[in-house]
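Okay, upload06.txt now, which holds compact mmCIF, C-alpha atoms:
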# COMPACT_ATOMS: atom_id res chain seq x y z
CA MET A 62 -31.42 16.03 17.76
CA ILE A 63 -33.72 13.20 16.68
CA ALA A 64 -36.83 15.32 16.29
CA HIS A 65 -38.18 18.55 17.73
CA ASN A 66 -40.70 16.72 19.88
CA THR A 67 -38.32 14.07 21.24
CA PRO A 68 -38.64 13.91 25.05
CA PRO A 69 -35.58 15.30 26.88
CA ALA A 70 -35.21 12.13 28.93
CA ARG A 71 -34.94 10.07 25.72
CA LEU A 72 -32.32 12.43 24.31
CA ALA A 73 -30.34 12.23 27.55
CA ARG A 74 -30.34 8.40 27.45
CA LEU A 75 -29.14 8.44 23.87
CA ALA A 76 -26.40 10.97 24.66
CA ARG A 77 -25.13 8.88 27.57
CA LEU A 78 -25.15 5.77 25.41
CA ALA A 79 -23.24 7.45 22.58
CA GLN A 80 -20.66 8.95 24.93
CA ARG A 81 -20.04 5.60 26.58
CA GLN A 82 -19.68 3.61 23.35
CA LEU A 83 -17.57 5.82 21.09
CA ASN A 84 -20.67 7.32 19.46
CA MET A 85 -22.15 3.94 18.56
CA ALA A 86 -25.15 1.87 19.61
CA THR A 87 -26.92 -1.37 18.75
CA HIS A 88 -30.49 -1.59 17.49
CA HIS A 89 -31.49 -3.19 20.81
CA GLN A 90 -29.92 -0.35 22.80
CA LEU A 91 -31.56 2.33 20.66
CA THR A 92 -35.02 0.83 21.02
CA GLN A 93 -34.42 0.38 24.76
CA ALA A 94 -33.58 4.08 24.90
CA GLY A 95 -36.96 4.83 23.35
CA ILE A 96 -35.92 5.42 19.73
CA PRO A 97 -38.57 3.96 17.37
CA ALA A 98 -37.41 1.35 14.84
CA GLY A 99 -38.68 3.55 12.01
CA THR A 100 -36.53 6.44 13.19
CA ILE A 101 -33.47 4.18 13.35
CA SER A 102 -34.11 2.96 9.81
CA GLY A 103 -34.73 6.45 8.47
CA ARG A 104 -31.69 8.06 10.00
CA SER A 105 -29.36 5.28 8.81
CA ARG A 106 -30.39 5.44 5.14
CA ARG A 107 -27.75 6.53 2.62
CA GLY A 108 -26.98 10.21 3.17
CA GLY A 109 -28.55 10.17 6.64
CA PRO A 110 -26.90 11.36 9.87
CA TRP A 111 -26.28 7.78 11.07
CA GLN A 112 -24.46 4.85 9.49
CA ARG A 113 -25.01 1.11 9.81
CA LEU A 114 -21.54 -0.39 10.23
CA LEU A 115 -22.66 -3.97 10.80
CA PRO A 116 -26.05 -5.63 11.16
CA ARG A 117 -27.84 -3.97 14.09
CA VAL A 118 -24.82 -1.73 14.85
CA TYR A 119 -25.02 2.01 14.13
CA LEU A 120 -22.50 4.83 14.11
CA LEU A 121 -24.27 7.96 15.31
CA GLN A 122 -22.30 10.42 13.17
CA THR A 123 -21.80 11.37 9.54
CA GLY A 124 -18.01 11.10 9.40
CA PRO A 125 -16.14 7.83 8.77
CA PRO A 126 -15.40 5.53 11.71
CA ASP A 127 -11.93 5.53 13.20
CA PRO A 128 -10.07 2.29 14.03
CA ARG A 129 -11.39 2.23 17.60
CA GLN A 130 -14.96 2.54 16.38
CA GLN A 131 -14.43 -0.16 13.78
CA ALA A 132 -13.08 -2.48 16.45
CA LEU A 133 -15.87 -1.73 18.93
CA SER A 134 -18.52 -2.21 16.24
CA ALA A 135 -17.49 -5.87 15.97
CA VAL A 136 -17.84 -6.33 19.74
CA LEU A 137 -21.25 -4.63 19.72
CA TYR A 138 -22.35 -6.94 16.93
CA ALA A 139 -21.16 -10.10 18.66
CA ALA A 140 -22.18 -9.33 22.26
CA HIS A 141 -25.37 -10.80 23.70
CA PRO A 142 -28.17 -8.26 23.15
CA ALA A 143 -29.23 -8.37 26.79
CA ALA A 144 -25.70 -7.91 28.17
CA ASP A 145 -23.64 -4.77 28.59
CA PRO A 146 -21.32 -5.03 25.55
CA LEU A 147 -18.58 -3.08 27.36
CA SER A 148 -18.44 -5.60 30.21
CA GLY A 149 -16.36 -8.07 28.20
CA SER A 150 -18.55 -10.87 29.56
CA THR A 151 -20.04 -12.12 26.27
CA ALA A 152 -17.78 -10.70 23.53
CA ALA A 153 -14.19 -9.46 23.39
CA LEU A 154 -11.89 -8.30 20.60
CA THR A 155 -8.90 -10.57 20.04
CA GLY A 156 -6.24 -11.48 17.46
CA GLY A 157 -4.43 -8.95 15.32
CA ALA A 158 -7.12 -6.29 15.79
CA ALA A 159 -6.63 -6.22 19.57
CA LEU A 160 -2.83 -6.22 19.19
CA ALA A 161 -3.02 -3.40 16.62
CA LEU A 162 -4.95 -1.26 19.12
CA LEU A 163 -2.09 -1.84 21.56
CA GLY A 164 0.38 -0.63 18.92
CA VAL A 165 2.05 -4.02 18.41
CA ARG A 166 4.19 -3.73 15.33
CA ASP A 167 2.99 -5.63 12.21
CA ALA A 168 -0.30 -6.65 13.85
CA PRO A 169 -3.01 -6.22 11.19
CA PRO A 170 -6.08 -4.20 12.33
CA GLU A 171 -8.37 -6.35 10.21
CA PRO A 172 -10.15 -8.71 10.13
CA LEU A 173 -11.90 -7.99 13.43
CA ASP A 174 -11.69 -11.27 15.34
CA VAL A 175 -14.08 -11.39 18.29
CA LEU A 176 -14.35 -14.08 20.94
CA VAL A 177 -17.94 -14.98 21.82
CA ARG A 178 -18.85 -16.96 24.89
CA ALA A 179 -20.15 -20.40 23.92
CA PRO A 180 -22.68 -21.69 23.07
CA ARG A 181 -23.53 -18.54 21.11
CA SER A 182 -22.02 -18.41 17.61
CA PRO A 183 -22.95 -15.31 15.59
CA ALA A 184 -22.27 -15.44 11.86
CA ALA A 185 -19.28 -13.69 10.35
CA THR A 186 -20.23 -10.50 8.54
CA GLY A 187 -18.23 -7.75 6.90
CA ARG A 188 -14.95 -7.32 8.73
CA ALA A 189 -16.23 -9.05 11.89
CA ARG A 190 -15.25 -12.70 12.53
CA PRO A 191 -16.92 -13.95 15.73
CA ARG A 192 -15.43 -17.11 17.19
CA SER A 193 -17.27 -19.13 19.80
CA THR A 194 -15.16 -20.37 22.72
CA SER A 195 -15.75 -22.20 25.97
CA ARG A 196 -12.29 -21.13 27.22
CA TRP A 197 -13.28 -17.60 28.14
CA PRO A 198 -10.33 -15.27 28.80
CA ALA A 199 -9.81 -12.54 31.34
CA THR A 200 -10.49 -9.27 29.54
CA LEU A 201 -9.42 -5.65 29.70
CA HIS A 202 -10.25 -2.44 27.86
CA ILE A 203 -7.90 -1.28 25.13
CA CYS A 204 -8.76 2.23 23.94
CA GLY A 205 -12.30 1.69 25.21
CA VAL A 206 -12.77 -1.68 23.48
CA PRO A 207 -13.33 -4.87 25.55
CA SER A 208 -10.47 -7.13 24.51
CA ALA A 209 -8.69 -10.33 25.38
CA ARG A 210 -5.35 -9.80 27.09
CA PRO A 211 -2.32 -9.56 24.79
CA ILE A 212 -1.17 -13.11 25.44
CA ARG A 213 -4.55 -14.58 24.40
CA ALA A 214 -4.88 -12.15 21.49
CA ALA A 215 -1.46 -13.27 20.23
CA ALA A 216 -2.39 -16.95 20.47
CA ASP A 217 -5.70 -16.34 18.69
CA PHE A 218 -3.91 -14.41 15.97
CA ALA A 219 -1.47 -17.29 15.45
CA SER A 220 -4.32 -19.80 15.27
CA ARG A 221 -6.07 -17.99 12.39
CA THR A 222 -3.14 -16.71 10.31
CA ASP A 223 -1.53 -18.72 7.52
CA ASP A 224 1.36 -16.31 6.78
CA ALA A 225 4.28 -17.93 8.62
CA ASP A 226 6.48 -14.82 8.49
CA LEU A 227 3.68 -12.64 9.84
CA VAL A 228 3.04 -15.04 12.71
CA ARG A 229 6.75 -15.05 13.46
CA SER A 230 6.96 -11.26 13.43
CA VAL A 231 3.83 -10.51 15.46
CA LEU A 232 4.60 -13.05 18.20
CA ALA A 233 8.14 -11.70 18.44
CA ASN A 234 6.86 -8.13 18.72
CA VAL A 235 4.39 -9.07 21.45
CA VAL A 236 7.25 -10.50 23.52
CA GLN A 237 9.68 -7.72 22.55
CA GLY A 238 7.12 -5.13 23.62
CA GLY A 239 6.94 -6.66 27.10
CA TRP A 240 3.32 -7.80 26.85
CA CYS A 241 4.16 -11.33 27.92
CA HIS A 242 7.04 -13.68 28.71
CA PRO A 243 7.98 -16.36 26.16
CA HIS A 244 7.13 -19.10 28.65
CA ASP A 245 3.68 -17.61 29.23
CA LEU A 246 3.05 -17.36 25.50
CA HIS A 247 4.21 -20.93 24.98
CA ALA A 248 1.79 -22.11 27.67
CA GLU A 249 -1.07 -20.15 26.09
CA LEU A 250 -0.31 -21.55 22.64
CA ARG A 251 -0.37 -25.02 24.11
CA ALA A 252 -3.60 -24.41 26.05
CA GLY A 253 -5.23 -23.18 22.84
CA ARG A 254 -3.90 -26.22 20.93
CA VAL A 255 -2.17 -23.93 18.48
CA ARG A 256 1.37 -25.29 18.73
CA SER A 257 0.61 -28.11 16.31
CA ARG A 258 0.82 -25.60 13.46
CA PRO A 259 4.40 -25.65 12.07
CA ALA A 260 4.71 -21.85 11.81
CA VAL A 261 3.55 -21.40 15.41
CA ARG A 262 5.82 -24.16 16.71
CA ALA A 263 8.83 -22.58 14.99
CA ALA A 264 7.99 -19.08 16.26
CA ALA A 265 7.54 -20.34 19.82
CA ALA A 266 10.89 -22.14 19.71
CA GLU A 267 12.62 -18.97 18.51
CA LEU A 268 11.13 -16.88 21.30
CA VAL A 269 12.21 -19.38 23.93
CA ALA A 270 15.73 -19.28 22.48
CA GLY A 271 15.80 -15.49 22.88
CA VAL A 272 15.04 -14.47 19.27
CA ARG A 273 13.01 -11.26 19.12
CA SER A 274 12.52 -10.42 15.43
CA ILE A 275 11.85 -12.04 12.09
CA ALA A 276 15.36 -11.11 10.91
CA GLU A 277 16.86 -12.83 13.94
CA GLY A 278 14.67 -15.83 13.16
CA ARG A 279 16.11 -16.01 9.66
CA ALA A 280 19.61 -15.78 11.11
CA ARG A 281 18.80 -18.63 13.48
CA ASP A 282 17.51 -20.72 10.57
CA ALA A 283 20.68 -20.06 8.58
CA LEU A 284 22.90 -20.97 11.54
CA ALA A 285 20.93 -24.14 12.23
CA ALA A 286 21.93 -25.45 8.80
CA THR A 287 25.65 -25.12 9.63
CA ASP A 288 28.13 -26.62 12.07
CA LEU A 289 28.69 -23.26 13.79
CA PRO A 290 28.11 -23.13 17.57
CA ASP A 291 24.84 -21.75 18.90
CA PRO A 292 24.99 -18.10 20.03
CA LEU A 293 23.17 -16.28 22.80
CA TRP A 294 20.35 -14.17 21.39
CA ASN A 295 19.92 -10.60 22.64
CA ALA A 296 22.36 -11.04 25.51
CA ARG A 297 23.23 -7.87 27.45
CA LEU A 298 26.98 -7.24 27.38
CA HIS A 299 28.78 -5.36 30.15
CA ASP A 300 32.37 -4.24 30.64
CA PRO A 301 34.44 -5.45 33.64
CA GLY A 302 33.19 -2.50 35.70
CA GLY A 303 29.57 -3.48 35.12
CA ALA A 304 28.73 -0.71 32.63
CA PHE A 305 26.31 -1.72 29.88
CA LEU A 306 27.88 -1.86 26.41
CA ALA A 307 25.30 -3.24 24.00
CA SER A 308 22.83 -6.03 23.32
CA PRO A 309 23.78 -7.54 19.94
CA ASP A 310 21.32 -9.71 18.08
CA ALA A 311 23.56 -12.74 18.53
CA TYR A 312 26.69 -13.25 20.60
CA TRP A 313 29.25 -16.07 20.87
CA PRO A 314 30.85 -15.63 24.33
CA ARG A 315 33.72 -18.11 23.88
CA GLU A 316 34.94 -16.47 20.69
CA GLY A 317 33.84 -12.90 21.51
CA VAL A 318 31.92 -12.50 18.25
CA ALA A 319 28.72 -10.47 17.81
CA LEU A 320 26.20 -10.35 14.96
CA GLU A 321 24.37 -7.06 14.39
CA ILE A 322 21.36 -6.96 12.03
CA ASP A 323 20.79 -3.30 11.16
CA SER A 324 17.57 -2.42 9.34
CA ALA A 325 17.12 0.83 7.43
CA GLU A 326 13.99 1.62 9.43
CA TYR A 327 15.79 1.73 12.75
CA HIS A 328 19.39 2.53 11.89
CA TYR A 329 19.67 4.78 8.85
CA THR A 330 18.60 8.17 10.13
CA ARG A 331 21.58 10.36 10.99
CA ASP A 332 21.16 10.05 14.78
CA ALA A 333 20.38 6.33 14.67
CA TRP A 334 23.39 5.62 12.48
CA GLN A 335 25.63 7.57 14.85
CA ALA A 336 24.25 5.54 17.77
CA THR A 337 24.84 2.30 15.87
CA LEU A 338 28.46 3.20 15.17
CA HIS A 339 29.00 4.31 18.76
CA ARG A 340 27.61 1.00 20.05
CA ARG A 341 29.89 -0.90 17.68
CA LEU A 342 32.92 1.09 18.82
CA ARG A 343 32.11 0.25 22.44
CA LEU A 344 32.08 -3.45 21.59
CA GLU A 345 35.24 -3.33 19.48
CA SER A 346 37.10 -1.35 22.14
CA ARG A 347 36.58 -4.34 24.45
CA GLY A 348 37.78 -6.85 21.87
CA VAL A 349 34.44 -8.03 20.49
CA LEU A 350 34.55 -8.91 16.77
CA VAL A 351 31.39 -7.56 15.09
CA ALA A 352 29.77 -8.91 11.91
CA SER A 353 27.19 -6.53 10.48
CA THR A 354 24.41 -7.25 8.02
CA THR A 355 20.92 -6.12 7.05
CA PRO A 356 17.65 -8.08 6.95
CA GLY A 357 17.79 -7.94 3.13
CA ILE A 358 21.28 -9.41 2.89
CA LEU A 359 20.35 -12.06 5.45
CA ARG A 360 17.30 -12.98 3.40
CA ASP A 361 18.90 -12.91 -0.05
CA ARG A 362 22.53 -13.87 0.62
CA PRO A 363 22.66 -15.83 3.91
CA ALA A 364 25.78 -17.69 2.77
CA ASP A 365 27.74 -14.42 2.80
CA VAL A 366 26.70 -13.77 6.39
CA ILE A 367 27.61 -17.30 7.45
CA ALA A 368 31.03 -17.00 5.75
CA ALA A 369 31.78 -13.77 7.60
CA LEU A 370 30.72 -15.27 10.93
CA ARG A 371 32.77 -18.40 10.31
CA ALA A 372 35.90 -16.31 9.65
CA LEU A 373 35.37 -14.17 12.77
CA LEU A 374 34.69 -17.20 14.96
CA VAL A 375 37.99 -18.77 13.80
CA LEU A 376 39.81 -15.51 14.59
CA GLY A 377 38.12 -15.20 17.97
CA ALA A 378 38.90 -18.76 18.99
CA ALA A 379 42.59 -18.30 18.10
CA ARG A 380 43.08 -15.23 20.31
CA PRO A 381 45.19 -15.76 23.45
CA ALA A 382 42.78 -13.80 25.67
CA PRO A 383 38.99 -13.48 25.55
CA PRO A 384 37.38 -10.03 25.16
CA GLN A 385 36.74 -7.93 28.25
CA VAL A 386 33.00 -8.47 28.16
CA THR A 387 30.49 -10.28 30.36
CA ALA A 388 27.11 -11.49 29.07
CA ARG A 389 24.37 -10.88 31.62
CA GLY A 390 20.63 -10.93 31.77
CA HIS A 391 20.29 -13.88 29.41
CA ALA A 392 19.12 -17.35 30.25
CA GLN A 393 18.33 -20.05 27.77
CA LEU A 394 14.74 -20.92 28.61
CA GLU A 395 13.91 -24.58 28.92
CA LEU A 396 11.05 -26.54 27.36
CA PRO A 397 8.81 -28.37 27.78
CA LEU A 398 7.10 -26.59 30.66
CA PRO A 399 5.88 -28.56 33.67
CA PRO A 400 2.16 -29.44 33.53
CA SER A 401 1.48 -27.28 36.60
CA TYR A 402 2.80 -24.11 34.96
CA ALA A 403 0.10 -21.41 34.96
CA PRO A 404 0.45 -18.39 32.64
CA LYS A 405 0.30 -14.88 34.06
CA ALA A 406 -0.79 -11.71 32.34
CA ARG A 407 -0.82 -8.04 33.16
CA ASP A 408 -4.08 -6.64 34.46
CA THR A 409 -4.22 -3.20 32.90
CA VAL A 410 -3.17 -1.40 29.74

Starting from the file, lay out its structure as structure tokens.
Amino acid sequence: MIAHNTPPARLARLARLAQRQLNMATHHQLTQAGIPAGTISGRSRRGGPWQRLLPRVYLLQTGPPDPRQQALSAVLYAAHPAADPLSGSTAALTGGAALALLGVRDAPPEPLDVLVRAPRSPAATGRARPRSTSRWPATLHICGVPSARPIRAAADFASRTDDADLVRSVLANVVQGGWCHPHDLHAELRAGRVRSRPAVRAAAAELVAGVRSIAEGRARDALAATDLPDPLWNARLHDPGGAFLASPDAYWPREGVALEIDSAEYHYTRDAWQATLHRRLRLESRGVLVASTTPGILRDRPADVIAALRALLVLGAARPAPPQVTARGHAQLELPLPPSYAPKARDTV
């Protein structure tokens, strides 16, 4: 309770507000609910029952904020005081913070990038980085936080991140997770004038080629420096009866050679290792020659990987009959896109 003599109607308004906004409120909302400014100041002093997370944004509890509350605090800070901050009409979370709420691998939860509808341009403060834009996106709610859709969040992340490997990884994971198609992401990067950045241009080219991880990107870089033929990336291989066999990281259909990049995180538990070996046996039983490596070997000793692939490609090309495998479900995407191409995005999360 605020005080023993607080009117019930005032308490009810505050309770509804806190329930709706993850136990948070702005100074404007609190005063509109009838809470005096002096009470707000007193209750948010050090050791008090409330906490000021950002200027004019209060957490109405004593415990630490969770990631959702941290993210929403930035939206509450950046939203127009007279607007409903949950409407997504004047402020929306974007960038790595929005992708992290979705569970996109490697997306950093901070800083808290927030789009603000131009011409407003609130100052950056604490973890919050408002960014004014006249190209307002369609929005959705992620874990209760008004956010840009994944495709826009990914483009905004790429536009404000200098770590080339991180950009490469996060964009790949957005596509790998099914949040958008590579063509759609390419169009969004172009619309946001982000593709001029070398790291973004390289990542977009990899995604269009079918690459879906930073390790695969390194493999593509290593292959590009050689005279070896280009493979299909993440092709789905089937036996003559149509049964699915595997989807190797890279596959050379003429020679029947596959490259598998096995990371410790995904392959070195007992069950995962058994599944990896079983997949490899299925490929080898159909005549596919498999070269195996790890992200670490690919990073530190790419020449060894290239030498192994070169030897297997020579062997594969010399065989009298190709392997009993068909590559399906893979198409090399073409760029550039036509000017009329319009990106699409999913409506709900």

Within 7 Å of segment 204-213 of chain A using only C-alpha atoms, minus same-chain residues under 3 positions, as a PyMOL selection string: chain A and resi 129+133+147-149+153-155+159-160+198-201+216-217+240-241+246+249

Atom CA of Tyr138 of chain A to atom CA of Pro183 of chain A, straight-line distance in Å: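 Interatomic distance, atom CA of Pro183 of chain A to atom CA of Tyr138 of chain A: 8.5 Å.
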
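Here atom CA of Leu250 of chain A stands at a distance of 19.3 Å from atom CA of Ala161 of chain A.
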
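For the set A:Gln237, A:Asn84, A:Asp167, A:Ser134, the residue with the smallest atom-to-atom gap to Gln122 of chain A is A:Asn84, counting all atoms listed in the file.
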
Atom CA of Asp300 of chain A to atom CA of Leu338 of chain A, distance in Å rounded to a single decimal: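 Going from atom CA of Asp300 of chain A over to atom CA of Leu338 of chain A covers 17.6 Å.
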
Axis-aligned box over every listed atom of segment 371-374 of chain A, padded by 4 Å per side: centre and edges in Å to one decimal, as JSON?
{"center_x": 34.3, "center_y": -16.3, "center_z": 12.3, "size_x": 11.1, "size_y": 12.2, "size_z": 13.3}

Polymer residues at most 9 Å from Ser230 of chain A, all atoms listed in the file, same-chain spacing of 5 or more positions, as a count of residues only: 11

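Across A:Pro146, A:Gly156, A:Leu91, A:Val386, the tightest approach to Leu120 of chain A is made by A:Leu91 when counting all atoms listed in the file.
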
Polymer residues at most 8 Å from Ala79 of chain A, all atoms listed in the file, same-chain spacing of 6 or more positions, as number ranges by chain: A: 85-86, 121

From A:Glu321, A:Asp288, A:Asp127, A:Asp310, residue lying nearest Gly271 of chain A [all atoms listed in the file]: A:Asp310

Within 12 Å of Pro116 of chain A using only C-alpha atoms, minus same-chain residues under 4 positions, as a PyMOL selection string: chain A and resi 86-89+102+105+112+120+134-139+183-189
